[in-house]
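my_file.cif (mmCIF, C-alpha atoms and all ligand atoms) appears below.
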data_run
loop_
_atom_site.label_atom_id
_atom_site.label_comp_id
_atom_site.auth_asym_id
_atom_site.auth_seq_id
_atom_site.Cartn_x
_atom_site.Cartn_y
_atom_site.Cartn_z
CA MET C 1434 89.47 265.70 -38.83
CA ASN C 1435 88.96 261.99 -38.18
CA MET C 1436 88.89 261.08 -34.48
CA ALA C 1437 87.66 257.53 -34.99
CA ALA C 1438 90.98 255.98 -34.04
CA THR C 1439 91.08 257.63 -30.63
CA THR C 1440 87.41 257.58 -29.68
CA ALA C 1441 86.44 254.11 -30.92
CA THR C 1442 85.09 251.88 -28.17
CA ARG C 1443 87.31 248.93 -27.37
CA PRO C 1444 85.35 245.75 -28.20
CA GLY C 1445 84.25 243.96 -25.04
CA LEU C 1446 85.34 246.72 -22.65
CA ASP C 1447 81.92 248.20 -21.88
CA GLU C 1448 80.56 244.74 -21.16
CA LEU C 1449 83.42 244.06 -18.73
CA VAL C 1450 82.95 247.39 -16.96
CA THR C 1451 79.24 246.66 -16.47
CA GLY C 1452 79.88 243.14 -15.22
CA ILE C 1453 82.65 244.14 -12.81
CA SER C 1454 80.60 247.07 -11.49
CA GLY C 1455 77.85 244.62 -10.58
CA ILE C 1456 80.30 242.41 -8.69
CA VAL C 1457 82.04 245.17 -6.70
CA ALA C 1458 78.63 246.57 -5.75
CA ARG C 1459 78.04 243.34 -3.81
CA ARG C 1460 80.85 244.37 -1.43
CA LEU C 1461 82.20 240.86 -0.97
CA ARG C 1462 85.48 240.25 0.78
CA PRO C 1463 88.52 240.97 -1.42
CA ARG C 1464 89.35 237.35 -2.22
CA GLU C 1465 85.73 236.53 -3.07
CA THR C 1466 85.56 239.62 -5.28
CA ALA C 1467 88.72 238.52 -7.10
CA TYR C 1468 87.28 235.04 -7.69
CA ALA C 1469 83.95 236.44 -8.90
CA VAL C 1470 85.70 238.79 -11.32
CA ALA C 1471 87.87 235.89 -12.49
CA ASP C 1472 84.68 233.91 -13.23
CA LEU C 1473 83.38 236.87 -15.22
CA LEU C 1474 86.64 237.11 -17.19
CA ARG C 1475 86.51 233.37 -17.86
CA ASP C 1476 83.05 233.78 -19.43
CA ARG C 1477 83.75 237.05 -21.26
CA LEU C 1478 87.46 237.17 -21.93
CA PRO C 1479 87.89 239.88 -24.58
CA GLY C 1480 89.71 239.14 -27.81
CA PRO C 1481 92.95 240.78 -28.92
CA GLY C 1482 90.84 243.48 -30.62
CA LEU C 1483 90.66 245.07 -27.15
CA LEU C 1484 93.96 246.65 -28.22
CA THR C 1485 94.90 248.26 -31.52
CA PRO C 1486 97.42 246.44 -33.73
CA GLN C 1487 100.03 249.01 -32.74
CA GLU C 1488 99.31 248.54 -29.02
CA ARG C 1489 99.61 244.77 -29.45
CA GLU C 1490 103.20 245.13 -30.64
CA GLY C 1491 104.48 246.06 -27.18
CA SER C 1492 107.82 247.80 -26.75
CA PRO C 1493 111.45 246.73 -26.98
CA ASP C 1494 112.08 248.67 -23.74
CA GLY C 1495 110.01 246.42 -21.44
CA TYR C 1496 106.46 245.27 -20.87
CA VAL C 1497 103.73 247.86 -21.38
CA SER C 1498 100.81 248.36 -18.95
CA ARG C 1499 97.88 250.33 -20.25
CA VAL C 1500 94.93 251.49 -18.12
CA LEU C 1501 91.81 251.01 -20.26
CA HIS C 1502 89.34 251.96 -17.53
CA ALA C 1503 89.74 253.33 -14.01
CA GLN C 1504 87.20 254.30 -11.38
CA GLU C 1505 87.37 254.55 -7.60
CA ASP C 1506 86.82 250.86 -6.85
CA PHE C 1507 88.38 249.04 -9.81
CA SER C 1508 90.57 249.37 -12.86
CA ILE C 1509 91.04 247.39 -16.06
CA VAL C 1510 94.62 247.19 -17.30
CA THR C 1511 96.20 245.38 -20.23
CA VAL C 1512 99.80 244.20 -20.22
CA VAL C 1513 101.76 243.51 -23.42
CA TRP C 1514 105.07 241.69 -23.16
CA ARG C 1515 107.49 240.68 -25.83
CA PRO C 1516 109.15 237.26 -25.37
CA GLY C 1517 111.33 237.20 -22.25
CA GLN C 1518 110.13 240.52 -20.79
CA TYR C 1519 109.49 240.45 -17.03
CA THR C 1520 108.46 242.43 -13.98
CA VAL C 1521 110.43 243.18 -10.85
CA ILE C 1522 109.39 241.26 -7.72
CA HIS C 1523 106.37 243.08 -6.30
CA ASP C 1524 103.04 242.82 -4.52
CA HIS C 1525 99.78 244.70 -5.02
CA VAL C 1526 97.60 247.41 -3.56
CA SER C 1527 94.40 245.38 -3.93
CA TRP C 1528 92.77 242.16 -5.12
CA CYS C 1529 93.41 241.23 -8.74
CA ALA C 1530 91.84 239.01 -11.37
CA PHE C 1531 93.56 238.38 -14.69
CA GLY C 1532 93.13 236.46 -17.93
CA ILE C 1533 95.65 235.56 -20.61
CA LEU C 1534 94.90 236.40 -24.26
CA SER C 1535 98.23 235.27 -25.72
CA GLY C 1536 101.68 234.16 -24.63
CA ILE C 1537 102.56 232.49 -21.32
CA GLU C 1538 102.74 234.50 -18.12
CA HIS C 1539 105.12 232.48 -16.00
CA GLU C 1540 104.74 233.49 -12.38
CA THR C 1541 107.17 232.87 -9.52
CA LEU C 1542 105.75 233.35 -6.02
CA TYR C 1543 107.77 234.36 -2.95
CA ARG C 1544 107.42 234.68 0.80
CA ASP C 1545 108.93 237.66 2.63
CA MET C 1546 111.29 236.44 5.39
CA GLY C 1547 112.27 239.94 6.50
CA ASP C 1548 115.81 240.16 5.17
CA HIS C 1549 115.35 237.81 2.22
CA LEU C 1550 112.72 236.07 0.09
CA VAL C 1551 112.10 232.36 -0.42
CA GLU C 1552 110.47 230.93 -3.52
CA ILE C 1553 107.20 229.19 -2.65
CA GLY C 1554 105.74 228.28 -6.03
CA ARG C 1555 105.54 228.68 -9.77
CA ALA C 1556 102.68 228.76 -12.24
CA ASP C 1557 102.28 228.96 -16.00
CA ASN C 1558 99.28 231.04 -17.05
CA ARG C 1559 98.31 230.22 -20.63
CA PRO C 1560 95.87 231.68 -23.19
CA GLY C 1561 92.27 231.42 -21.99
CA GLU C 1562 93.31 230.82 -18.38
CA VAL C 1563 92.05 233.11 -15.65
CA SER C 1564 93.06 233.55 -12.00
CA GLY C 1565 92.27 235.75 -9.04
CA PHE C 1566 94.07 236.58 -5.81
CA ALA C 1567 94.07 239.07 -2.95
CA PRO C 1568 96.82 240.30 -0.63
CA PRO C 1569 98.55 239.26 1.56
CA GLY C 1570 100.69 236.45 0.14
CA ASP C 1571 100.79 237.97 -3.36
CA ILE C 1572 104.51 238.62 -3.81
CA HIS C 1573 105.53 237.55 -7.29
CA MET C 1574 107.42 238.23 -10.46
CA VAL C 1575 106.02 237.51 -13.90
CA ARG C 1576 107.79 236.75 -17.17
CA ASN C 1577 106.50 236.03 -20.66
CA THR C 1578 108.25 232.70 -21.26
CA SER C 1579 106.62 232.04 -24.63
CA ASP C 1580 108.18 233.00 -27.96
CA GLU C 1581 105.22 235.15 -28.95
CA ILE C 1582 103.97 238.49 -27.71
CA GLY C 1583 102.05 238.06 -24.46
CA ILE C 1584 98.82 239.96 -23.84
CA SER C 1585 96.79 239.83 -20.64
CA VAL C 1586 93.91 241.67 -19.01
CA HIS C 1587 94.19 242.52 -15.31
CA VAL C 1588 91.43 243.89 -13.09
CA TYR C 1589 92.52 245.54 -9.83
CA GLY C 1590 90.28 246.63 -6.96
CA ALA C 1591 91.69 250.15 -6.89
CA ASP C 1592 91.87 253.29 -9.00
CA VAL C 1593 95.15 252.53 -10.74
CA GLY C 1594 94.75 255.65 -12.84
CA ARG C 1595 94.94 257.78 -9.70
CA LEU C 1596 97.59 255.67 -7.90
CA GLY C 1597 99.72 255.41 -11.04
CA SER C 1598 100.39 251.69 -10.46
CA SER C 1599 98.95 248.49 -9.00
CA VAL C 1600 102.23 247.86 -7.17
CA ARG C 1601 102.25 248.19 -3.38
CA ARG C 1602 105.94 247.39 -2.85
CA VAL C 1603 108.94 246.40 -4.95
CA TYR C 1604 111.11 243.74 -3.21
CA ASP C 1605 114.81 244.32 -3.67
CA LEU C 1606 115.80 241.47 -1.34
CA PRO C 1607 118.02 238.44 -2.03
CA VAL C 1608 116.23 235.19 -2.86
CA ARG C 1609 117.57 232.23 -0.84
FE FE C 1701 101.69 241.50 -10.19
#
Would you mind writing the file out in structure tokens?
Ligand SMILES: [Fe+2]
Amino acid sequence: MNMAATTATRPGLDELVTGISGIVARRLRPRETAYAVADLLRDRLPGPGLLTPQEREGSPDGYVSRVLHAQEDFSIVTVVWRPGQYTVIHDHVSWCAFGILSGIEHETLYRDMGDHLVEIGRADNRPGEVSGFAPPGDIHMVRNTSDEIGISVHVYGADVGRLGSSVRRVYDLPVR
């Protein structure tokens, strides 16, 4: 029996885990941790070989999140989106740093006004670009606006494997 396909190390993953572990051990404030992890991603952004060719195809049913590594204080997640696929409006359980491998993650940011949301900004995140943020003020929706498959790496300051998701709340409010 050949188990190579399921046990092979993902290129660049061990290095990221080691680097991120060193940062979270410094116990910085959440926003500073996110920025430090973003700097690490900028220097060591993995290539598409982090995912198998099959994983890189995504799904016609919606974007695909995949937890590559999870421990108590951080998780590494990849997201694969076909052109036009998008998230619901949501915020997050923890700080996050992310880097784009392919496609364009177009982000729309919102403020919660209680009974509705207002749009407060937009950003295009392109291949090679890296960002970090920490709650509060992290309500957004994300769409792959490019015409190619989008792939990104997200690092969250929580055990997403245990929680099941990085989403704190989904916002089903009108946007005015
Ligand atoms: Fe998000």
Which segment 1537-1575 of chain C residues have any atom within 6 Å of an atom of segment 1468-1487 of chain C, and for each, what is the nearest pair of atoms with distance in Å to one decimal, counting only C-alpha atoms, rows sorted by chain and number, as JSON lines?
{"residue": "C:Val1563", "atom": "CA", "partner": "C:Ala1471", "partner_atom": "CA", "distance": 5.9}
{"residue": "C:Ser1564", "atom": "CA", "partner": "C:Ala1471", "partner_atom": "CA", "distance": 5.7}
{"residue": "C:Gly1565", "atom": "CA", "partner": "C:Tyr1468", "partner_atom": "CA", "distance": 5.2}
inquiry  = Given the point (119.7, 242.4, 7.8) in the coordinates of this file, which residues lie within 12 Å, counting all atoms listed in the file, and how would they look as a list in words?
reply    = Met1546, Gly1547, Asp1548, His1549, Leu1606 and Pro1607 of chain C
Enumerate, in order of chain and increasing residue number, the residues of chain C with an atom no farther than 7 Å from ligand FE 1701 (chain C), each with its shortest atom pair and distance in Å to one decimal, counting only C-alpha atoms and all ligand atoms, as CSV.
residue,atom,partner,partner_atom,distance
C:His1523,CA,C:FE1701,FE,6.3
C:Asp1524,CA,C:FE1701,FE,6.0
C:His1525,CA,C:FE1701,FE,6.4
C:His1573,CA,C:FE1701,FE,6.2
C:Met1574,CA,C:FE1701,FE,6.6
C:Val1575,CA,C:FE1701,FE,7.0
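Among the candidates C:Val1500, C:Ile1582, C:Leu1542, C:Ile1533, the one nearest to Asn1558 of chain C when counting all atoms listed in the file is C:Ile1533.
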Could you name the residues that touch Ile1453 of chain C at 10 Å or less, counting only C-alpha atoms, but leaving out those on the same chain fewer than 2 positions away, as a PDB file with C-alpha atoms, keeping the file's coordinate frame?
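Dumped everything to around-v1.pdb:
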ATOM      1  CA  ASP C1447      81.920 248.200 -21.880  1.00  0.00           C
ATOM      2  CA  GLU C1448      80.560 244.740 -21.160  1.00  0.00           C
ATOM      3  CA  LEU C1449      83.420 244.060 -18.730  1.00  0.00           C
ATOM      4  CA  VAL C1450      82.950 247.390 -16.960  1.00  0.00           C
ATOM      5  CA  THR C1451      79.240 246.660 -16.470  1.00  0.00           C
ATOM      6  CA  GLY C1455      77.850 244.620 -10.580  1.00  0.00           C
ATOM      7  CA  ILE C1456      80.300 242.410  -8.690  1.00  0.00           C
ATOM      8  CA  VAL C1457      82.040 245.170  -6.700  1.00  0.00           C
ATOM      9  CA  ALA C1458      78.630 246.570  -5.750  1.00  0.00           C
ATOM     10  CA  THR C1466      85.560 239.620  -5.280  1.00  0.00           C
ATOM     11  CA  ALA C1469      83.950 236.440  -8.900  1.00  0.00           C
ATOM     12  CA  VAL C1470      85.700 238.790 -11.320  1.00  0.00           C
ATOM     13  CA  ALA C1471      87.870 235.890 -12.490  1.00  0.00           C
ATOM     14  CA  LEU C1473      83.380 236.870 -15.220  1.00  0.00           C
ATOM     15  CA  LEU C1474      86.640 237.110 -17.190  1.00  0.00           C
ATOM     16  CA  ASP C1506      86.820 250.860  -6.850  1.00  0.00           C
ATOM     17  CA  PHE C1507      88.380 249.040  -9.810  1.00  0.00           C
ATOM     18  CA  SER C1508      90.570 249.370 -12.860  1.00  0.00           C
ATOM     19  CA  ILE C1509      91.040 247.390 -16.060  1.00  0.00           C
ATOM     20  CA  VAL C1588      91.430 243.890 -13.090  1.00  0.00           C
ATOM     21  CA  GLY C1590      90.280 246.630  -6.960  1.00  0.00           C
TER      22      GLY C1590
END
message = Please compute the atom CA of Arg1609 of chain C-atom CA of Glu1540 of chain C distance, one decimal, in Å.
response =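 Separating atom CA of Arg1609 of chain C from atom CA of Glu1540 of chain C is a distance of 17.3 Å.
Using all atoms listed in the file, the shortest contact distance between Ser1599 of chain C and any of C:Ile1537, C:Val1521, C:Leu1550, C:Val1510 is found at C:Val1510.
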message = Please determine, counting all atoms listed in the file, which residue among C:Glu1505, C:Glu1552, C:Pro1516, C:Thr1442 has the shortest atom-to-atom distance to Gly1594 of chain C.
response =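 Counting all atoms listed in the file, the residue closest to Gly1594 of chain C is C:Glu1505.
Minimum atom-to-atom distance to Leu1501 of chain C, evaluated using only C-alpha atoms, belongs to C:Arg1443 out of C:Arg1544, C:Arg1443, C:Arg1460, C:Arg1555.
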request  = Tell me which of C:Ser1585, C:Thr1578, C:Thr1520, C:Ser1454 sits closest to Gly1561 of chain C, counting only C-alpha atoms.
outcome  = C:Ser1585
task = Enter the distance from atom CA of Asp1494 of chain C to atom CA of Tyr1604 of chain C, in Å, rounded to one decimal.
result =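 Distance between the two atoms: 21.1 Å.
The space separating atom CA of Thr1541 of chain C from atom CA of Ala1556 of chain C comes to 6.7 Å.
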inquiry  = Given only C-alpha atoms as the basis, pick out the residue of C:Gly1532, C:Pro1568, C:Gly1491, C:Pro1444 nearest to Glu1465 of chain C.
reply    =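 Nearest candidate to Glu1465 of chain C out of C:Gly1532, C:Pro1568, C:Gly1491, C:Pro1444: C:Pro1568.
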inquiry  = Could you list, as a ChimeraX atom specification, every residue within 8 Å of Gln1518 of chain C, counting only C-alpha atoms and ignoring same-chain residues fewer than 4 positions away?
reply    = /C:1495-1496,1514,1576-1577
